[in-house]
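Peer 1: So I've got this file, input-v1.cif, and it contains mmCIF, C-alpha atoms and all ligand atoms:
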```cif
data_final
#
loop_
_atom_site.label_atom_id
_atom_site.label_comp_id
_atom_site.auth_asym_id
_atom_site.auth_seq_id
_atom_site.Cartn_x
_atom_site.Cartn_y
_atom_site.Cartn_z
CA MET A 1 -20.78 -5.72 1.67
CA LYS A 2 -17.69 -3.95 3.10
CA LYS A 3 -15.85 -1.66 0.65
CA ILE A 4 -12.06 -1.55 0.48
CA LEU A 5 -9.97 1.06 -1.32
CA ILE A 6 -6.70 -0.49 -2.52
CA THR A 7 -4.03 1.68 -4.12
CA GLY A 8 -1.33 -0.02 -6.19
CA ILE A 9 -3.84 -2.70 -7.24
CA SER A 10 -1.86 -3.52 -10.39
CA GLY A 11 1.38 -4.12 -8.50
CA SER A 12 2.78 -7.46 -7.35
CA LEU A 13 1.65 -7.01 -3.73
CA GLY A 14 -1.50 -4.94 -4.33
CA SER A 15 -2.83 -7.48 -6.83
CA ALA A 16 -2.22 -10.41 -4.43
CA VAL A 17 -4.00 -8.51 -1.63
CA ALA A 18 -6.92 -7.55 -3.90
CA LYS A 19 -7.33 -11.09 -5.21
CA LYS A 20 -7.42 -12.56 -1.70
CA LEU A 21 -9.96 -10.00 -0.44
CA LEU A 22 -12.18 -10.26 -3.53
CA TYR A 23 -12.39 -14.00 -2.93
CA GLN A 24 -13.36 -13.27 0.68
CA ASN A 25 -16.36 -11.33 -0.63
CA TYR A 26 -15.34 -7.71 -0.11
CA PHE A 27 -16.07 -4.97 -2.67
CA ILE A 28 -12.77 -3.56 -3.98
CA ILE A 29 -12.11 -0.12 -5.45
CA GLY A 30 -8.70 -0.43 -7.06
CA VAL A 31 -6.43 2.49 -7.93
CA SER A 32 -3.24 2.47 -9.99
CA LYS A 33 -1.23 4.71 -12.27
CA SER A 34 -2.11 3.03 -15.55
CA LYS A 35 -5.04 0.99 -16.75
CA LYS A 36 -2.67 -1.13 -18.86
CA ASN A 37 -1.17 -2.91 -15.84
CA TYR A 38 -4.60 -3.11 -14.18
CA LYS A 39 -5.90 -5.06 -17.19
CA LYS A 40 -3.21 -7.70 -16.59
CA PHE A 41 -4.51 -8.03 -13.01
CA LEU A 42 -8.10 -8.28 -14.28
CA SER A 43 -7.18 -11.16 -16.58
CA LYS A 44 -6.17 -13.20 -13.52
CA ILE A 45 -9.46 -12.71 -11.64
CA GLN A 46 -12.24 -15.26 -11.89
CA ASN A 47 -15.19 -13.74 -13.79
CA LYS A 48 -17.70 -14.21 -11.00
CA TYR A 49 -15.74 -11.80 -8.74
CA LYS A 50 -15.47 -8.96 -11.27
CA LYS A 51 -18.88 -7.55 -10.29
CA ASN A 52 -17.35 -6.70 -6.89
CA LEU A 53 -14.62 -4.58 -8.41
CA ASP A 54 -14.36 -0.97 -9.55
CA TYR A 55 -11.26 0.81 -10.87
CA ILE A 56 -9.99 4.39 -10.86
CA GLU A 57 -6.89 5.37 -12.82
CA CYS A 58 -4.84 7.97 -10.93
CA ASN A 59 -1.28 9.24 -11.22
CA PHE A 60 -0.26 10.44 -7.75
CA ASN A 61 2.28 12.76 -9.35
CA ASN A 62 -0.43 14.69 -11.16
CA ASN A 63 -2.54 17.02 -8.98
CA SER A 64 -5.54 17.12 -11.29
CA SER A 65 -5.55 13.33 -11.52
CA VAL A 66 -5.58 13.18 -7.69
CA ASP A 67 -8.46 15.73 -7.59
CA MET A 68 -10.38 13.50 -10.02
CA LEU A 69 -9.79 10.51 -7.74
CA PHE A 70 -11.49 12.34 -4.84
CA LYS A 71 -14.35 13.47 -7.11
CA LYS A 72 -14.96 9.91 -8.27
CA LEU A 73 -14.79 8.55 -4.74
CA SER A 74 -17.27 11.07 -3.40
CA ASN A 75 -19.67 10.55 -6.34
CA LYS A 76 -19.64 6.79 -6.26
CA HIS A 77 -18.05 5.38 -3.13
CA ARG A 78 -18.88 7.42 -0.01
CA ASN A 79 -19.05 4.37 2.20
CA ILE A 80 -15.49 3.01 2.07
CA ASN A 81 -14.62 1.05 5.23
CA TYR A 82 -11.03 0.06 4.70
CA PHE A 83 -8.00 1.63 3.03
CA ILE A 84 -4.99 -0.47 2.01
CA ASN A 85 -2.13 1.54 0.58
CA CYS A 86 0.01 -0.64 -1.69
CA ALA A 87 1.09 2.05 -4.17
CA GLY A 88 4.79 2.72 -4.01
CA VAL A 89 7.93 3.34 -6.01
CA ILE A 90 11.62 2.95 -5.29
CA SER A 91 14.60 4.91 -6.60
CA ARG A 92 17.61 2.85 -7.70
CA LYS A 93 19.48 6.02 -8.74
CA ASN A 94 22.79 7.07 -7.27
CA PHE A 95 21.94 9.34 -4.32
CA LEU A 96 24.77 11.73 -5.21
CA LYS A 97 23.28 12.28 -8.66
CA GLU A 98 19.62 12.61 -7.72
CA LYS A 99 17.81 15.93 -7.96
CA ILE A 100 15.30 17.34 -5.50
CA GLN A 101 12.60 16.81 -8.16
CA ASP A 102 13.36 13.06 -8.07
CA TRP A 103 12.81 13.04 -4.30
CA GLU A 104 9.59 15.05 -4.60
CA LYS A 105 8.14 12.45 -6.99
CA ILE A 106 8.89 9.55 -4.60
CA LEU A 107 7.52 11.43 -1.60
CA LYS A 108 4.33 12.31 -3.45
CA ILE A 109 3.60 8.66 -4.33
CA ASN A 110 4.81 6.91 -1.17
CA THR A 111 3.83 9.46 1.48
CA LEU A 112 1.91 12.60 0.57
CA VAL A 113 -0.96 11.27 -1.55
CA PRO A 114 -1.55 8.33 0.87
CA MET A 115 -1.76 11.01 3.62
CA GLN A 116 -4.22 13.01 1.50
CA ILE A 117 -6.37 9.91 0.97
CA SER A 118 -6.32 9.23 4.73
CA GLN A 119 -7.37 12.82 5.41
CA TYR A 120 -10.17 12.56 2.84
CA LEU A 121 -11.49 9.32 4.38
CA LEU A 122 -11.33 10.67 7.95
CA ASN A 123 -13.06 13.92 6.96
CA ARG A 124 -16.33 12.16 6.18
CA PRO A 125 -19.13 12.60 8.77
CA LYS A 126 -18.09 10.50 11.79
CA ASN A 127 -21.60 9.21 12.50
CA LYS A 128 -21.67 7.53 9.08
CA LEU A 129 -18.38 5.68 9.66
CA SER A 130 -19.02 2.47 11.54
CA ASP A 131 -15.84 0.60 10.92
CA LEU A 132 -12.52 1.94 9.62
CA LYS A 133 -9.21 0.17 9.12
CA PHE A 134 -6.14 1.65 7.40
CA ILE A 135 -3.20 -0.56 6.41
CA PHE A 136 -0.08 0.96 4.89
CA LEU A 137 2.62 -1.08 3.20
CA GLY A 138 5.79 0.29 4.69
CA SER A 139 9.20 -1.33 4.46
CA GLN A 140 11.86 -2.69 6.76
CA MET A 141 14.08 -0.16 4.97
CA SER A 142 12.43 2.60 7.02
CA ARG A 143 14.68 1.30 9.82
CA LEU A 144 17.69 -0.04 7.89
CA ASN A 145 20.17 1.26 5.36
CA HIS A 146 18.94 0.07 1.95
CA PRO A 147 21.81 -1.64 0.12
CA ALA A 148 20.26 -1.13 -3.33
CA ALA A 149 18.24 2.09 -3.28
CA SER A 150 18.42 5.80 -2.65
CA PRO A 151 17.75 6.88 0.97
CA ILE A 152 14.69 8.80 -0.24
CA TYR A 153 12.85 5.46 -0.35
CA SER A 154 13.53 4.85 3.36
CA VAL A 155 12.63 8.47 4.15
CA SER A 156 9.28 8.11 2.36
CA LYS A 157 8.45 4.88 4.21
CA ALA A 158 9.52 6.18 7.64
CA ALA A 159 7.49 9.36 7.07
CA ILE A 160 4.17 7.49 7.04
CA GLN A 161 4.72 6.21 10.61
CA PRO A 162 3.85 9.51 12.39
CA LEU A 163 0.55 9.50 10.46
CA ILE A 164 -0.23 6.05 11.85
CA ARG A 165 0.64 7.20 15.39
CA TYR A 166 -1.51 10.32 14.98
CA CYS A 167 -4.51 8.40 13.65
CA THR A 168 -4.25 5.72 16.33
CA SER A 169 -3.94 8.28 19.16
CA ASN A 170 -6.91 10.30 17.93
CA TYR A 171 -9.28 7.74 16.43
CA ALA A 172 -8.74 4.34 18.11
CA LYS A 173 -11.50 5.37 20.55
CA HIS A 174 -14.01 4.84 17.72
CA GLY A 175 -12.84 1.23 17.30
CA TRP A 176 -10.83 2.12 14.18
CA THR A 177 -7.40 0.61 13.51
CA PHE A 178 -4.29 1.92 11.71
CA ASN A 179 -1.35 -0.37 11.06
CA ASN A 180 1.84 -0.57 9.08
CA VAL A 181 2.88 -3.83 7.40
CA SER A 182 6.66 -3.76 7.11
CA PRO A 183 7.89 -6.29 4.52
CA GLY A 184 11.45 -7.34 3.86
CA THR A 185 12.22 -8.56 0.34
CA ILE A 186 9.15 -9.91 -1.41
CA LYS A 187 9.08 -11.37 -4.94
CA SER A 188 7.94 -8.44 -7.02
CA ARG A 189 8.58 -6.47 -10.17
CA MET A 190 10.21 -3.93 -7.84
CA GLN A 191 13.32 -6.13 -7.76
CA LYS A 192 13.72 -6.35 -11.51
CA ASN A 193 16.51 -3.76 -11.67
CA ILE A 194 18.71 -5.23 -8.90
CA LYS A 195 21.91 -6.90 -10.16
CA LYS A 196 21.80 -10.70 -9.82
CA THR A 197 24.94 -10.86 -7.63
CA LYS A 198 23.55 -8.22 -5.26
CA PHE A 199 20.24 -10.08 -5.13
CA ILE A 200 21.90 -13.42 -4.24
CA LYS A 201 23.85 -11.65 -1.47
CA MET A 202 20.61 -10.11 -0.15
CA ILE A 203 18.98 -13.57 0.07
CA LYS A 204 22.03 -15.01 1.88
CA ASN A 205 21.61 -12.33 4.55
CA ILE A 206 17.98 -13.31 5.28
CA PRO A 207 17.88 -15.80 8.20
CA SER A 208 15.08 -17.77 6.42
CA LYS A 209 17.31 -17.92 3.28
CA LYS A 210 14.42 -17.04 0.99
CA ILE A 211 12.45 -14.01 -0.08
CA GLY A 212 8.75 -13.63 0.71
CA LYS A 213 5.82 -14.22 -1.65
CA PRO A 214 3.12 -11.64 -2.44
CA GLU A 215 0.67 -14.14 -0.87
CA ASP A 216 2.53 -13.79 2.47
CA VAL A 217 1.66 -10.08 2.39
CA ALA A 218 -1.93 -10.80 1.32
CA ASN A 219 -2.39 -13.25 4.22
CA LEU A 220 -1.21 -10.72 6.80
CA VAL A 221 -3.32 -7.92 5.33
CA ALA A 222 -6.40 -10.19 5.29
CA PHE A 223 -5.81 -10.93 8.98
CA LEU A 224 -5.54 -7.22 9.79
CA ILE A 225 -8.79 -6.52 7.93
CA ASN A 226 -10.53 -9.26 9.89
CA GLU A 227 -12.15 -8.42 13.23
CA GLN A 228 -9.93 -11.03 14.93
CA SER A 229 -7.15 -8.42 14.78
CA ASN A 230 -9.19 -5.55 16.25
CA TYR A 231 -6.86 -4.98 19.22
CA ILE A 232 -3.77 -4.57 17.01
CA ASN A 233 -3.44 -0.83 16.59
CA GLY A 234 -0.71 1.65 15.66
CA SER A 235 1.67 -1.25 15.03
CA ILE A 236 4.54 -1.81 12.66
CA ILE A 237 4.31 -5.51 11.82
CA ASN A 238 7.45 -7.15 10.44
CA LEU A 239 7.13 -9.64 7.57
CA ASN A 240 10.68 -10.39 6.59
CA GLY A 241 11.98 -13.92 7.26
CA GLY A 242 14.01 -12.51 10.16
CA SER A 243 15.98 -9.95 8.14
CA TYR A 244 15.11 -7.15 10.58
CA LEU A 245 14.72 -7.97 14.27
CA ASP A 246 13.21 -5.44 16.68
N1 LIG B 1 8.31 -5.90 -3.13
C1 LIG B 1 9.03 -5.72 -2.05
O1 LIG B 1 10.06 -6.38 -1.81
C2 LIG B 1 8.61 -4.68 -1.06
C3 LIG B 1 9.28 -4.66 0.16
C4 LIG B 1 8.90 -3.72 1.10
C5 LIG B 1 7.88 -2.84 0.83
N2 LIG B 1 7.26 -2.87 -0.37
C6 LIG B 1 6.19 -1.90 -0.60
O2 LIG B 1 5.01 -2.56 -0.99
C7 LIG B 1 4.26 -1.74 -1.88
C8 LIG B 1 3.92 -2.54 -3.14
O3 LIG B 1 5.13 -2.94 -3.77
P1 LIG B 1 5.13 -3.88 -5.06
O4 LIG B 1 6.28 -4.78 -4.91
O5 LIG B 1 3.78 -4.44 -5.28
O6 LIG B 1 5.47 -2.81 -6.20
P2 LIG B 1 5.01 -2.81 -7.72
O7 LIG B 1 4.73 -4.17 -8.22
O8 LIG B 1 6.04 -2.00 -8.46
O9 LIG B 1 3.62 -2.00 -7.70
C9 LIG B 1 3.60 -0.62 -7.44
C10 LIG B 1 2.16 -0.11 -7.56
O10 LIG B 1 2.19 1.32 -7.34
C11 LIG B 1 1.53 1.97 -8.44
N3 LIG B 1 2.14 3.27 -8.74
C12 LIG B 1 3.40 3.49 -9.15
N4 LIG B 1 3.55 4.80 -9.44
C13 LIG B 1 2.36 5.39 -9.20
C14 LIG B 1 1.87 6.72 -9.36
N5 LIG B 1 2.64 7.72 -9.82
N6 LIG B 1 0.58 6.96 -9.03
C15 LIG B 1 -0.23 5.98 -8.58
N7 LIG B 1 0.16 4.69 -8.41
C16 LIG B 1 1.44 4.42 -8.75
C17 LIG B 1 1.73 1.04 -9.63
O11 LIG B 1 0.78 1.33 -10.65
P3 LIG B 1 1.15 0.93 -12.21
O12 LIG B 1 1.16 -0.57 -12.27
O13 LIG B 1 0.04 1.51 -13.01
O14 LIG B 1 2.48 1.53 -12.50
C18 LIG B 1 1.54 -0.32 -8.95
O15 LIG B 1 0.17 -0.60 -8.83
C19 LIG B 1 5.11 -0.51 -2.15
O16 LIG B 1 4.68 0.54 -1.33
C20 LIG B 1 6.50 -0.95 -1.75
O17 LIG B 1 7.29 0.14 -1.36
C21 LIG B 1 7.59 -3.77 -1.33
#
```
Spell out the structure here as structure tokens.
Ligand SMILES: NC(=O)c1ccc[n+]([C@@H]2O[C@H](COP(=O)([O-])OP(=O)(O)OC[C@H]3O[C@@H](n4cnc5c(N)ncnc54)[C@H](OP(=O)(O)O)[C@@H]3O)[C@@H](O)[C@H]2O)c1

Peer 2:
Amino acid sequence: MKKILITGISGSLGSAVAKKLLYQNYFIIGVSKSKKNYKKFLSKIQNKYKKNLDYIECNFNNNSSVDMLFKKLSNKHRNINYFINCAGVISRKNFLKEKIQDWEKILKINTLVPMQISQYLLNRPKNKLSDLKFIFLGSQMSRLNHPAASPIYSVSKAAIQPLIRYCTSNYAKHGWTFNNVSPGTIKSRMQKNIKKTKFIKMIKNIPSKKIGKPEDVANLVAFLINEQSNYINGSIINLNGGSYLD
């Protein structure tokens, strides 16, 4: 059974992705900041799938917690095939009032720890790695001005793209794939702090006149995990109802 590491498993998008892949018979190792939110996810999973699920609590802003994550992975899960990075945070603070420490926290969660996990997974003996696929949840805001967030969010999402280019250039020869799913606005707890008037205006500006569902993200990720997508590599794939056009 193929093993998938999913960060942000307790989030709106991570939980939809995990649910879909569990039901497709993958083994999932879920990671999130707090077990409390993970338990809510667990309560929505059919009992018969829970045997294919393991969980590691890890705060990406705490170095010893990240060290523990790697220890637990190397003790228990050496044979991970796929990595889906759904962990992420946004800053709704006023840019002019933010401190460098605020930016460091966002970068750690959205960019640096996902890079560390990628490095860890790629550092395993190559002959033991048959099949690797990395999927990062980026954002259309890596290429647009975000109307309702600090620019550090866009910086953190854009900064993962060189990693994807690097991995594709160096490792696609092994048959491994590295892609970036770039959603527009998706129904999620991430939007809970946006003012209603701003939110309605955001929806009006989407050509499809609606926001996406977490299941839209899960469907795309499931396709990218499937071997039918093996020739898609190093790509940024838009999922946005037309709100950003290349
Ligand atoms: N929703 C959208 O409209 C949208 C659009 C574009 C891109 N995205 C991207 O999609 C991804 C998932 O978004 P979402 O809507 O599912 O967000 P969400 O519901 O807020 O979930 C965020 C996830 O990240 C985890 N996380 C937060 N801080 C962490 C930390 N310090 N250490 C480890 N994990 C941490 C959370 O764990 P806890 O539950 O324990 O806090 C949760 O599992 C993010 O990368 C986001 O930037 C979302």

Peer 1: So how many Å separate CA of Thr168 (chain A) and CA of Ser182 (chain A), to one decimal?

Peer 2: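 The value is 17.1 Å.
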
Peer 1: Considering all atoms listed in the file, state which residue in the set A:Lys50, A:Lys133, A:Lys128, A:Lys105 is at the smallest distance from ligand LIG 1 (chain B).

Peer 2: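 Nearest candidate to ligand LIG 1 (chain B) out of A:Lys50, A:Lys133, A:Lys128, A:Lys105: A:Lys105.
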
Peer 1: Do you know which residues are at most 9 Å from Leu144 (chain A) counting all atoms listed in the file, after dropping those on the same chain fewer than 4 positions away, and could you put them as an NGL selection string?

Peer 2: :A and (140 or 154 or 244)

Peer 1: Export C-alpha atoms of the chosen residues as a short mmCIF file (atom, residue, chain, number, x, y, z; two decimals), in the coordinates of the input?

Peer 2:
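Output (result20.cif):
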```
data_model
loop_
_atom_site.label_atom_id
_atom_site.label_comp_id
_atom_site.auth_asym_id
_atom_site.auth_seq_id
_atom_site.Cartn_x
_atom_site.Cartn_y
_atom_site.Cartn_z
CA GLN A 140 11.86 -2.69 6.76
CA SER A 154 13.53 4.85 3.36
CA TYR A 244 15.11 -7.15 10.58
#
```

Peer 1: Could you check the closest approach to ligand LIG 1 (chain B) for each of A:Ser243, A:Ser10, A:Asn79, A:Asn127 and tell me which residue wins, using only C-alpha atoms and all ligand atoms?

Peer 2: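 Using only C-alpha atoms and all ligand atoms, the shortest distance to ligand LIG 1 (chain B) belongs to A:Ser10.
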
Peer 1: I need the residue nearest ligand LIG 1 (chain B) from this list: A:Phe199, A:Phe83, A:Phe60, A:Tyr153. Use only C-alpha atoms and all ligand atoms for the distance.

Peer 2: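 Among the listed residues, A:Phe60 lies closest to ligand LIG 1 (chain B).
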
Peer 1: Counting all atoms listed in the file, which of A:Leu73, A:Met115, A:Ile9, A:Ile236 gets nearest to ligand LIG 1 (chain B)?

Peer 2: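 Using all atoms listed in the file, the shortest distance to ligand LIG 1 (chain B) belongs to A:Ile9.
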
Peer 1: Return the single residue from A:Ile164, A:Leu53, A:Leu107, A:Ala222 that is closest to ligand LIG 1 (chain B), with distances computed using all atoms listed in the file.

Peer 2: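 That would be A:Leu107, the residue with the smallest distance to ligand LIG 1 (chain B).
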
Peer 1: Just the number, please: distance in Å from atom O9 of ligand LIG 1 (chain B) to CA of Lys35 (chain A), one decimal.

Peer 2: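 Distance reported for this atom pair: 12.9 Å.
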
Peer 1: Can I get the residues close to ligand LIG 1 (chain B) as a ChimeraX atom specification, where close means within 8 Å and we count all atoms listed in the file?

Peer 2: /A:7-15,31-38,57-62,85-90,105,109-110,136-141,153,157,182-191,212,214

Peer 1: For CA of Lys72 (chain A) and CA of Gly175 (chain A), determine how far apart the two atoms are, in Å to one decimal place.

Peer 2: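 Between CA of Lys72 (chain A) and CA of Gly175 (chain A) the gap is 27.1 Å.
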
Peer 1: Could you give me, as a PyMOL selection string, the residues within 9 Å of His174 (chain A), counting all atoms listed in the file and dropping anything in the same chain fewer than 4 positions from it?

Peer 2: chain A and resi 130-132+170

Peer 1: Can you work out which one of A:Val181, A:Lys108, A:Ser65, A:Ile160 has the shortest atom-to-atom distance to Ala218 (chain A), counting only C-alpha atoms?

Peer 2: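 The closest residue to Ala218 (chain A) is A:Val181.
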
Peer 1: Start from the incomplete input, build N, CA, C and O atoms for region 142-153 of chain A, and deliver everything as a compact mmCIF listing (two decimals), keeping the file's coordinate frame.

Peer 2:
```
# COMPACT_ATOMS: atom_id res chain seq x y z
N SER A 142 12.64 1.37 6.26
CA SER A 142 12.43 2.60 7.02
C SER A 142 13.31 2.60 8.26
O SER A 142 13.51 3.62 8.90
N ARG A 143 13.85 1.39 8.61
CA ARG A 143 14.68 1.30 9.82
C ARG A 143 16.07 0.72 9.54
O ARG A 143 16.81 0.43 10.45
N LEU A 144 16.38 0.52 8.26
CA LEU A 144 17.69 -0.04 7.89
C LEU A 144 18.29 0.80 6.76
O LEU A 144 17.57 1.53 6.08
N ASN A 145 19.58 0.63 6.55
CA ASN A 145 20.17 1.26 5.36
C ASN A 145 19.91 0.35 4.16
O ASN A 145 20.28 -0.82 4.19
N HIS A 146 19.26 0.89 3.13
CA HIS A 146 18.94 0.07 1.95
C HIS A 146 20.21 -0.15 1.13
O HIS A 146 20.85 0.84 0.72
N PRO A 147 20.58 -1.42 0.87
CA PRO A 147 21.81 -1.64 0.12
C PRO A 147 21.67 -1.36 -1.38
O PRO A 147 22.67 -1.28 -2.09
N ALA A 148 20.43 -1.23 -1.87
CA ALA A 148 20.26 -1.13 -3.33
C ALA A 148 19.27 -0.04 -3.72
O ALA A 148 18.59 -0.16 -4.74
N ALA A 149 19.16 1.02 -2.91
CA ALA A 149 18.24 2.09 -3.28
C ALA A 149 18.69 3.41 -2.67
O ALA A 149 19.48 3.44 -1.72
N SER A 150 18.14 4.48 -3.21
CA SER A 150 18.42 5.80 -2.65
C SER A 150 17.77 5.93 -1.27
O SER A 150 16.69 5.36 -1.04
N PRO A 151 18.38 6.71 -0.36
CA PRO A 151 17.75 6.88 0.97
C PRO A 151 16.37 7.54 0.93
O PRO A 151 15.62 7.45 1.90
N ILE A 152 16.01 8.17 -0.20
CA ILE A 152 14.69 8.80 -0.24
C ILE A 152 13.57 7.76 -0.08
O ILE A 152 12.52 8.04 0.48
N TYR A 153 13.86 6.52 -0.52
CA TYR A 153 12.85 5.46 -0.35
C TYR A 153 12.59 5.22 1.14
O TYR A 153 11.45 5.19 1.58
```
